[in-house]
2 protein chains.
Amino acid sequence: MSTKAATPEKRSARERLLTAAEELFYGEGINTVGIDRIIERAGVAKASLYDCFGSKEELIRSYLSARHESRQKRITEGLKRFATPREKLLGVFDIQVETFRSNNFRGCPFVRASAEVKPESAAKAVCDESRGWMRTLFTDLAKEAGVRDAVTLAEKLLLLYDGAAVAALMDKSKAAVASAREVAEMLVEKHLS
Amino acid sequence: MSTKAATPEKRSARERLLTAAEELFYGEGINTVGIDRIIERAGVAKASLYDCFGSKEELIRSYLSARHESRQKRITEGLKRFATPREKLLGVFDIQVETFRSNNFRGCPFVRASAEVKPESAAKAVCDESRGWMRTLFTDLAKEAGVRDAVTLAEKLLLLYDGAAVAALMDKSKAAVASAREVAEMLVEKHLS
DNA sequence: TCGAGACCAGACAGATCTGTCTGGTCGTGT
DNA sequence: ACACGACCAGACAGATCTGTCTGGTCTCGA
């Protein structure tokens with residue numbers, strides 16, 4: 001199937017580690033979870049972890065990177081349902097309503113990670129990248145919708161998005177993201193004059 | 001001056017510890033900062049720390065509790081400037097604009113702590129308490145202003161407040177909280193029909 | 001058949017963390 | 001004068017954490 005796999009893409013090994021890291025880092029926090037708990041849950045030898053990733057730092061970075069890609073995919077896939085740019089703009093919130101409501105959502109992983117890692121770390125860079133992607137997504141959709149101040153509107157929508165994530169982290173309110181959507185709708189309507 | 005001081009209120013000892021904890025916990029994170037760094041910065045013996053607070057857990061709780069009281073004070077004091085309930089409602093954001101802009105603001109300490117501590121910990125309870133206080137503050141002010149759905153408006157204002165805090169944590173944008181104020185004004189206006 | 005690569009099991013080193021304990025200094029009120 | 005309480009200095013124990021290293025097993029392609 002593969003003569004030389006630069007990235008052992010499909011099956012298990014490094015995948016199991018990323019899954020375990022996802023569950024534990026996201027569930028309990030990056031700094032409170034040790035390497036030993038991760039390899040135990042993954043059913044992987046410690047040596048294998050340090051073969052795949054060279055350090056915990058890099059495992060963290062990879063975990064966040066995977067989260068970033070999955071959110072990207074979830075949103076871009078989900079947005080195909082919506083026809084007009086205006087619907088897409090609010091569609092981002094609709095998609096998030098589902099995500100927040102589903103299983104064990106505990107707030108935006110990038111916000112949580114940003115509170116734990118050092119500002120100059122590679123992990124923080126991934127958080128910034130993912131946040132930047134959200135911002136440009138909102139900005140681009142706003143432009144396509146023919147909004148006057150696309151950047152301003154995007155900033156405000158991001159504000160609502162983050163606020164809903166915080167509510168999901170601190171209370172376990174599901175209503176917050178719905179409120180965010182309401183306000184977002186109001187804003188979009190207003191910016192389209 | 002004092003025959004028996006249950007709480008050695010004014011000067012230094014425990015105060016220095018709380019100051020150091022404030023600087024380090026807030027500046028670098030709760031889990032990444034160890035006891036040794038705190039007593040070093042405070043210039044206090046380790047034994048003294050464990051006399052005052054019995055554990056790191058309790059020091060964290062006290063740090064958050066102090067933060068809660070200072071925010072409470074800052075906002076209630078600041079709101080005296082404003083005359084009508086409607087002005088007070090937006091005044092909360094004005095006060096936060098100043099706070100965010102000032103020195104080294106790195107996002108809401110309670111959001112950051114919530115991302116690090118265990119959900120059933122005493123520290124998390126303080127975070128919840130402080131958040132509850134903000135929510136009832138908004139709700140009460142909204143009621144006094146004669147708003148129709150005070151609870152709904154309060155929820156949305158809290159959303160904006162949190163969103164601005166996240167922006168302060170992740171970017172170092174000062175513009176976000178100003179945007180939050182703009183949206184808040186729009187909301188208040190609308191709810192006052 | 002054999003050799004390479006992926007993986008496992010776990011001991012080990014060294015750092016760091018929380019918390020305890022001993023023993024000492026100093027100021028103050030009685 | 002003295003006892004007591006607040007504080008200091010730092011050794012120490014025990015746990016835990018990251019990261020390394022040795023050596024063994026299994027599979028698969030040449």
# chains A, B, ... in the order shown; residues from 1 in each chain; ligands from 1
>>> residues_around(residues="DG19 of chain C", least_positions_apart="4", cutoff="10 Å", atoms="only C-alpha atoms (C1' of nucleotides)", output="VMD selection string")
(chain B and resid 46 to 47 50 54 to 56) or (chain D and resid 13 to 14)
>>> write_last_selection(atoms="C-alpha atoms (C1' of nucleotides)", output="compact mmCIF listing (two decimals), in the first residue's frame")
# COMPACT_ATOMS: atom_id res chain seq x y z
CA LYS B 46 7.66 28.86 53.36
CA ALA B 47 6.49 28.07 56.88
CA TYR B 50 1.55 27.39 55.32
CA GLY B 54 -2.91 25.83 54.74
CA SER B 55 -2.30 24.78 51.16
CA LYS B 56 -1.70 26.05 47.66
C1' DA D 13 10.49 13.75 52.67
C1' DG D 14 7.72 11.99 49.23
>>> interface_residues(of="chain A", to="chain B", cutoff="9 Å", atoms="only C-alpha atoms", output="PDB file with N, CA and C atoms, in the first residue's frame")
ATOM      1  N   GLU A  28      -9.248  18.026  30.939  1.00  0.00           N
ATOM      2  CA  GLU A  28      -8.749  18.352  32.275  1.00  0.00           C
ATOM      3  C   GLU A  28      -7.724  19.470  32.293  1.00  0.00           C
ATOM      4  N   GLY A  29      -7.260  19.880  31.143  1.00  0.00           N
ATOM      5  CA  GLY A  29      -6.259  20.945  31.107  1.00  0.00           C
ATOM      6  C   GLY A  29      -4.894  20.433  30.710  1.00  0.00           C
ATOM      7  N   ILE A  30      -4.150  21.283  30.056  1.00  0.00           N
ATOM      8  CA  ILE A  30      -2.865  20.894  29.504  1.00  0.00           C
ATOM      9  C   ILE A  30      -1.827  20.647  30.583  1.00  0.00           C
ATOM     10  N   ASN A  31      -1.804  21.527  31.549  1.00  0.00           N
ATOM     11  CA  ASN A  31      -0.740  21.430  32.552  1.00  0.00           C
ATOM     12  C   ASN A  31      -1.013  20.401  33.642  1.00  0.00           C
ATOM     13  N   THR A  32      -2.269  20.061  33.820  1.00  0.00           N
ATOM     14  CA  THR A  32      -2.582  19.127  34.897  1.00  0.00           C
ATOM     15  C   THR A  32      -2.458  17.670  34.448  1.00  0.00           C
ATOM     16  N   GLY A 107     -16.079  24.738  26.271  1.00  0.00           N
ATOM     17  CA  GLY A 107     -15.457  25.999  25.883  1.00  0.00           C
ATOM     18  C   GLY A 107     -14.435  25.816  24.786  1.00  0.00           C
ATOM     19  N   PHE A 110      -8.967  26.719  22.257  1.00  0.00           N
ATOM     20  CA  PHE A 110      -7.874  27.672  22.043  1.00  0.00           C
ATOM     21  C   PHE A 110      -7.864  28.758  23.118  1.00  0.00           C
ATOM     22  N   VAL A 111      -9.044  29.125  23.554  1.00  0.00           N
ATOM     23  CA  VAL A 111      -9.113  30.060  24.675  1.00  0.00           C
ATOM     24  C   VAL A 111      -8.531  29.404  25.923  1.00  0.00           C
ATOM     25  N   ARG A 112      -8.931  28.173  26.140  1.00  0.00           N
ATOM     26  CA  ARG A 112      -8.446  27.474  27.327  1.00  0.00           C
ATOM     27  C   ARG A 112      -6.948  27.286  27.272  1.00  0.00           C
ATOM     28  N   ALA A 113      -6.447  26.907  26.111  1.00  0.00           N
ATOM     29  CA  ALA A 113      -5.000  26.719  25.989  1.00  0.00           C
ATOM     30  C   ALA A 113      -4.259  28.037  26.167  1.00  0.00           C
ATOM     31  N   SER A 114      -4.818  29.096  25.635  1.00  0.00           N
ATOM     32  CA  SER A 114      -4.159  30.401  25.752  1.00  0.00           C
ATOM     33  C   SER A 114      -4.005  30.825  27.201  1.00  0.00           C
ATOM     34  N   ALA A 115      -4.900  30.336  28.041  1.00  0.00           N
ATOM     35  CA  ALA A 115      -4.814  30.682  29.454  1.00  0.00           C
ATOM     36  C   ALA A 115      -3.740  29.870  30.158  1.00  0.00           C
ATOM     37  N   GLU A 116      -3.232  28.831  29.516  1.00  0.00           N
ATOM     38  CA  GLU A 116      -2.315  27.921  30.196  1.00  0.00           C
ATOM     39  C   GLU A 116      -0.887  27.964  29.682  1.00  0.00           C
ATOM     40  N   VAL A 117      -0.715  28.242  28.407  1.00  0.00           N
ATOM     41  CA  VAL A 117       0.630  28.158  27.838  1.00  0.00           C
ATOM     42  C   VAL A 117       1.321  29.519  27.841  1.00  0.00           C
ATOM     43  N   LYS A 118       2.607  29.491  27.625  1.00  0.00           N
ATOM     44  CA  LYS A 118       3.363  30.736  27.605  1.00  0.00           C
ATOM     45  C   LYS A 118       3.079  31.488  26.312  1.00  0.00           C
ATOM     46  N   LYS A 124       0.758  28.603  21.544  1.00  0.00           N
ATOM     47  CA  LYS A 124       0.020  29.872  21.452  1.00  0.00           C
ATOM     48  C   LYS A 124      -0.082  30.336  19.998  1.00  0.00           C
ATOM     49  N   CYS A 127      -2.983  28.711  18.440  1.00  0.00           N
ATOM     50  CA  CYS A 127      -4.215  29.360  18.897  1.00  0.00           C
ATOM     51  C   CYS A 127      -4.461  30.635  18.113  1.00  0.00           C
ATOM     52  N   ASP A 128      -3.410  31.422  17.950  1.00  0.00           N
ATOM     53  CA  ASP A 128      -3.547  32.679  17.214  1.00  0.00           C
ATOM     54  C   ASP A 128      -3.932  32.428  15.765  1.00  0.00           C
ATOM     55  N   ARG A 131      -7.567  31.480  15.602  1.00  0.00           N
ATOM     56  CA  ARG A 131      -8.397  32.663  15.830  1.00  0.00           C
ATOM     57  C   ARG A 131      -8.383  33.580  14.611  1.00  0.00           C
ATOM     58  N   THR A 152     -15.315  45.721  10.786  1.00  0.00           N
ATOM     59  CA  THR A 152     -16.000  46.066  12.036  1.00  0.00           C
ATOM     60  C   THR A 152     -17.036  45.019  12.408  1.00  0.00           C
ATOM     61  N   GLU A 155     -15.371  41.840  13.623  1.00  0.00           N
ATOM     62  CA  GLU A 155     -14.900  41.994  15.000  1.00  0.00           C
ATOM     63  C   GLU A 155     -16.011  41.749  16.004  1.00  0.00           C
ATOM     64  N   LYS A 156     -17.172  42.290  15.705  1.00  0.00           N
ATOM     65  CA  LYS A 156     -18.299  42.145  16.624  1.00  0.00           C
ATOM     66  C   LYS A 156     -18.832  40.717  16.650  1.00  0.00           C
ATOM     67  N   LEU A 158     -17.056  38.068  16.077  1.00  0.00           N
ATOM     68  CA  LEU A 158     -16.059  37.301  16.818  1.00  0.00           C
ATOM     69  C   LEU A 158     -16.256  37.473  18.322  1.00  0.00           C
ATOM     70  N   LEU A 159     -16.569  38.683  18.703  1.00  0.00           N
ATOM     71  CA  LEU A 159     -16.867  38.991  20.101  1.00  0.00           C
ATOM     72  C   LEU A 159     -17.985  38.104  20.619  1.00  0.00           C
ATOM     73  N   LEU A 160     -19.034  37.967  19.829  1.00  0.00           N
ATOM     74  CA  LEU A 160     -20.179  37.162  20.246  1.00  0.00           C
ATOM     75  C   LEU A 160     -19.817  35.687  20.297  1.00  0.00           C
ATOM     76  N   TYR A 161     -19.061  35.283  19.297  1.00  0.00           N
ATOM     77  CA  TYR A 161     -18.612  33.890  19.248  1.00  0.00           C
ATOM     78  C   TYR A 161     -17.811  33.535  20.501  1.00  0.00           C
ATOM     79  N   ASP A 162     -16.873  34.403  20.865  1.00  0.00           N
ATOM     80  CA  ASP A 162     -16.049  34.163  22.044  1.00  0.00           C
ATOM     81  C   ASP A 162     -16.863  34.196  23.325  1.00  0.00           C
ATOM     82  N   GLY A 163     -17.782  35.148  23.377  1.00  0.00           N
ATOM     83  CA  GLY A 163     -18.618  35.242  24.566  1.00  0.00           C
ATOM     84  C   GLY A 163     -19.403  33.965  24.794  1.00  0.00           C
ATOM     85  N   ALA A 164     -19.926  33.407  23.722  1.00  0.00           N
ATOM     86  CA  ALA A 164     -20.681  32.163  23.844  1.00  0.00           C
ATOM     87  C   ALA A 164     -19.784  31.025  24.312  1.00  0.00           C
ATOM     88  N   ALA A 165     -18.549  31.034  23.849  1.00  0.00           N
ATOM     89  CA  ALA A 165     -17.615  29.990  24.262  1.00  0.00           C
ATOM     90  C   ALA A 165     -17.298  30.103  25.744  1.00  0.00           C
ATOM     91  N   VAL A 166     -17.157  31.305  26.225  1.00  0.00           N
ATOM     92  CA  VAL A 166     -16.893  31.501  27.652  1.00  0.00           C
ATOM     93  C   VAL A 166     -18.074  31.018  28.478  1.00  0.00           C
ATOM     94  N   ALA A 167     -19.271  31.342  28.033  1.00  0.00           N
ATOM     95  CA  ALA A 167     -20.457  30.883  28.749  1.00  0.00           C
ATOM     96  C   ALA A 167     -20.483  29.360  28.813  1.00  0.00           C
ATOM     97  N   LEU A 169     -17.932  27.479  28.836  1.00  0.00           N
ATOM     98  CA  LEU A 169     -16.875  27.050  29.759  1.00  0.00           C
ATOM     99  C   LEU A 169     -17.289  27.216  31.206  1.00  0.00           C
ATOM    100  N   MET A 170     -17.897  28.341  31.528  1.00  0.00           N
ATOM    101  CA  MET A 170     -18.120  28.679  32.934  1.00  0.00           C
ATOM    102  C   MET A 170     -19.470  28.233  33.471  1.00  0.00           C
ATOM    103  N   ASP A 171     -20.551  28.648  32.860  1.00  0.00           N
ATOM    104  CA  ASP A 171     -21.806  27.989  33.186  1.00  0.00           C
ATOM    105  C   ASP A 171     -21.841  26.789  32.263  1.00  0.00           C
ATOM    106  N   ALA A 176     -26.723  30.476  25.865  1.00  0.00           N
ATOM    107  CA  ALA A 176     -25.860  31.609  25.536  1.00  0.00           C
ATOM    108  C   ALA A 176     -25.590  31.701  24.043  1.00  0.00           C
ATOM    109  N   VAL A 177     -25.278  30.582  23.426  1.00  0.00           N
ATOM    110  CA  VAL A 177     -24.929  30.634  22.017  1.00  0.00           C
ATOM    111  C   VAL A 177     -26.140  31.013  21.169  1.00  0.00           C
ATOM    112  N   SER A 179     -28.430  33.100  22.220  1.00  0.00           N
ATOM    113  CA  SER A 179     -28.476  34.557  22.383  1.00  0.00           C
ATOM    114  C   SER A 179     -27.467  35.218  21.463  1.00  0.00           C
ATOM    115  N   ALA A 180     -26.301  34.628  21.372  1.00  0.00           N
ATOM    116  CA  ALA A 180     -25.273  35.178  20.494  1.00  0.00           C
ATOM    117  C   ALA A 180     -25.787  35.250  19.066  1.00  0.00           C
ATOM    118  N   VAL A 183     -28.196  38.215  18.603  1.00  0.00           N
ATOM    119  CA  VAL A 183     -27.503  39.498  18.493  1.00  0.00           C
ATOM    120  C   VAL A 183     -26.798  39.582  17.144  1.00  0.00           C
ATOM    121  N   LEU A 187     -27.103  42.439  14.218  1.00  0.00           N
ATOM    122  CA  LEU A 187     -25.956  43.180  13.705  1.00  0.00           C
ATOM    123  C   LEU A 187     -25.868  43.092  12.190  1.00  0.00           C
TER     124      LEU A 187
END
>>> residues_around(residues="Phe138 of chain A", least_positions_apart="2", cutoff="10 Å", atoms="only C-alpha atoms (C1' of nucleotides)", output="list in words")
Lys88, Leu89, Leu90, Val92, Gly132, Trp133, Met134, Arg135, Thr136, Asp140, Leu141, Ala142, Lys143, Glu144, Ala150, Val151, Leu153, Ala154, Glu155, Lys156, Leu157 and Leu158 of chain A
>>> write_last_selection(atoms="C-alpha atoms", output="PDB file, in the first residue's frame")
ATOM      1  CA  LYS A  88     -23.584  31.726   5.839  1.00  0.00           C
ATOM      2  CA  LEU A  89     -22.665  34.556   8.181  1.00  0.00           C
ATOM      3  CA  LEU A  90     -25.339  33.467  10.612  1.00  0.00           C
ATOM      4  CA  VAL A  92     -21.504  29.913  11.551  1.00  0.00           C
ATOM      5  CA  GLY A 132      -7.117  34.521  12.796  1.00  0.00           C
ATOM      6  CA  TRP A 133      -8.854  32.047  10.568  1.00  0.00           C
ATOM      7  CA  MET A 134     -12.183  32.690  12.281  1.00  0.00           C
ATOM      8  CA  ARG A 135     -11.708  36.401  11.936  1.00  0.00           C
ATOM      9  CA  THR A 136     -10.950  36.280   8.224  1.00  0.00           C
ATOM     10  CA  ASP A 140     -14.720  37.448   3.957  1.00  0.00           C
ATOM     11  CA  LEU A 141     -18.322  36.398   4.394  1.00  0.00           C
ATOM     12  CA  ALA A 142     -19.235  39.932   5.403  1.00  0.00           C
ATOM     13  CA  LYS A 143     -17.576  41.309   2.289  1.00  0.00           C
ATOM     14  CA  GLU A 144     -19.355  38.808   0.086  1.00  0.00           C
ATOM     15  CA  ALA A 150     -16.822  44.185   6.939  1.00  0.00           C
ATOM     16  CA  VAL A 151     -13.924  44.375   9.370  1.00  0.00           C
ATOM     17  CA  LEU A 153     -18.823  43.600  11.707  1.00  0.00           C
ATOM     18  CA  ALA A 154     -16.401  40.687  11.802  1.00  0.00           C
ATOM     19  CA  GLU A 155     -14.900  41.994  15.000  1.00  0.00           C
ATOM     20  CA  LYS A 156     -18.299  42.145  16.624  1.00  0.00           C
ATOM     21  CA  LEU A 157     -19.293  38.698  15.471  1.00  0.00           C
ATOM     22  CA  LEU A 158     -16.059  37.301  16.818  1.00  0.00           C
TER      23      LEU A 158
END
>>> select_by_dssp(residues="chain A", states="helix (DSSP H, G or I)", output="count of residues only")
138
>>> closest_residue(among="B:Arg74, B:Lys172, B:Arg148, B:Arg14", to="chain D", atoms="only C-alpha atoms (C1' of nucleotides)")
B:Arg14
>>> closest_atom_pairs(of="chain B", to="chain D", cutoff="8 Å", atoms="only C-alpha atoms (C1' of nucleotides)", output="Markdown table")
| residue | atom | partner | partner_atom | distance |
| --- | --- | --- | --- | --- |
| B:Val44 | CA | D:DC8 | C1' | 7.4 |
| B:Ala45 | CA | D:DC8 | C1' | 5.6 |
| B:Ser48 | CA | D:DC7 | C1' | 6.8 |
>>> interface_residues(of="chain C", to="chain B", cutoff="9 Å", atoms="only C-alpha atoms (C1' of nucleotides)", output="MDAnalysis selection string")
chainID C and resid 16:20 29
>>> write_last_selection(atoms="N, CA and C atoms (P, O5', C5', C4', C3', O3' and C1' of nucleotides)", output="PDB file, in the first residue's frame")
ATOM      1  P    DT C  16      14.516  22.610  37.799  1.00  0.00           P
ATOM      2  O5'  DT C  16      13.054  22.337  38.374  1.00  0.00           O
ATOM      3  C5'  DT C  16      12.113  21.616  37.575  1.00  0.00           C
ATOM      4  C4'  DT C  16      10.865  21.344  38.392  1.00  0.00           C
ATOM      5  C3'  DT C  16      10.613  22.384  39.495  1.00  0.00           C
ATOM      6  O3'  DT C  16       9.248  22.739  39.471  1.00  0.00           O
ATOM      7  C1'  DT C  16      10.519  20.228  40.391  1.00  0.00           C
ATOM      8  P    DC C  17       8.739  24.034  40.189  1.00  0.00           P
ATOM      9  O5'  DC C  17       7.374  23.555  40.848  1.00  0.00           O
ATOM     10  C5'  DC C  17       6.669  22.456  40.300  1.00  0.00           C
ATOM     11  C4'  DC C  17       5.976  21.674  41.395  1.00  0.00           C
ATOM     12  C3'  DC C  17       5.669  22.517  42.628  1.00  0.00           C
ATOM     13  O3'  DC C  17       4.293  22.848  42.691  1.00  0.00           O
ATOM     14  C1'  DC C  17       6.591  20.369  43.213  1.00  0.00           C
ATOM     15  P    DT C  18       3.841  23.839  43.879  1.00  0.00           P
ATOM     16  O5'  DT C  18       3.394  22.873  45.052  1.00  0.00           O
ATOM     17  C5'  DT C  18       2.390  21.920  44.826  1.00  0.00           C
ATOM     18  C4'  DT C  18       2.281  20.976  46.008  1.00  0.00           C
ATOM     19  C3'  DT C  18       1.850  21.633  47.313  1.00  0.00           C
ATOM     20  O3'  DT C  18       0.826  20.847  47.901  1.00  0.00           O
ATOM     21  C1'  DT C  18       3.863  20.418  47.648  1.00  0.00           C
ATOM     22  P    DG C  19      -0.062  21.516  49.092  1.00  0.00           P
ATOM     23  O5'  DG C  19       0.762  21.070  50.385  1.00  0.00           O
ATOM     24  C5'  DG C  19       0.898  19.675  50.633  1.00  0.00           C
ATOM     25  C4'  DG C  19       1.935  19.435  51.694  1.00  0.00           C
ATOM     26  C3'  DG C  19       1.790  20.245  52.991  1.00  0.00           C
ATOM     27  O3'  DG C  19       1.610  19.331  54.057  1.00  0.00           O
ATOM     28  C1'  DG C  19       4.037  20.148  52.299  1.00  0.00           C
ATOM     29  P    DT C  20       1.475  19.853  55.557  1.00  0.00           P
ATOM     30  O5'  DT C  20       2.868  19.400  56.220  1.00  0.00           O
ATOM     31  C5'  DT C  20       3.328  18.081  56.018  1.00  0.00           C
ATOM     32  C4'  DT C  20       4.630  17.863  56.794  1.00  0.00           C
ATOM     33  C3'  DT C  20       4.621  18.429  58.215  1.00  0.00           C
ATOM     34  O3'  DT C  20       5.191  17.461  59.084  1.00  0.00           O
ATOM     35  C1'  DT C  20       6.467  19.289  57.040  1.00  0.00           C
ATOM     36  P    DG C  29       2.083  46.440  72.447  1.00  0.00           P
ATOM     37  O5'  DG C  29       1.129  45.617  73.437  1.00  0.00           O
ATOM     38  C5'  DG C  29       0.688  44.314  73.038  1.00  0.00           C
ATOM     39  C4'  DG C  29       0.448  43.451  74.263  1.00  0.00           C
ATOM     40  C3'  DG C  29      -0.131  44.195  75.470  1.00  0.00           C
ATOM     41  O3'  DG C  29      -1.018  43.326  76.167  1.00  0.00           O
ATOM     42  C1'  DG C  29       1.973  43.278  76.053  1.00  0.00           C
TER      43       DG C  29
END
>>> atom_distance(atom1="atom CA of Arg86 of chain A", atom2="atom CA of His191 of chain A")
10.8 Å
>>> atom_distance(atom1="atom CA of Val126 of chain A", atom2="atom CA of Arg61 of chain A")
7.1 Å
>>> closest_residue(among="B:Cys52, B:Leu192, B:Ile60, B:Arg37", to="Ser121 of chain B", atoms="only C-alpha atoms")
B:Ile60
>>> closest_residue(among="A:Gln96, A:Glu22, A:Glu69, A:Phe53", to="Ala168 of chain A", atoms="only C-alpha atoms")
A:Gln96
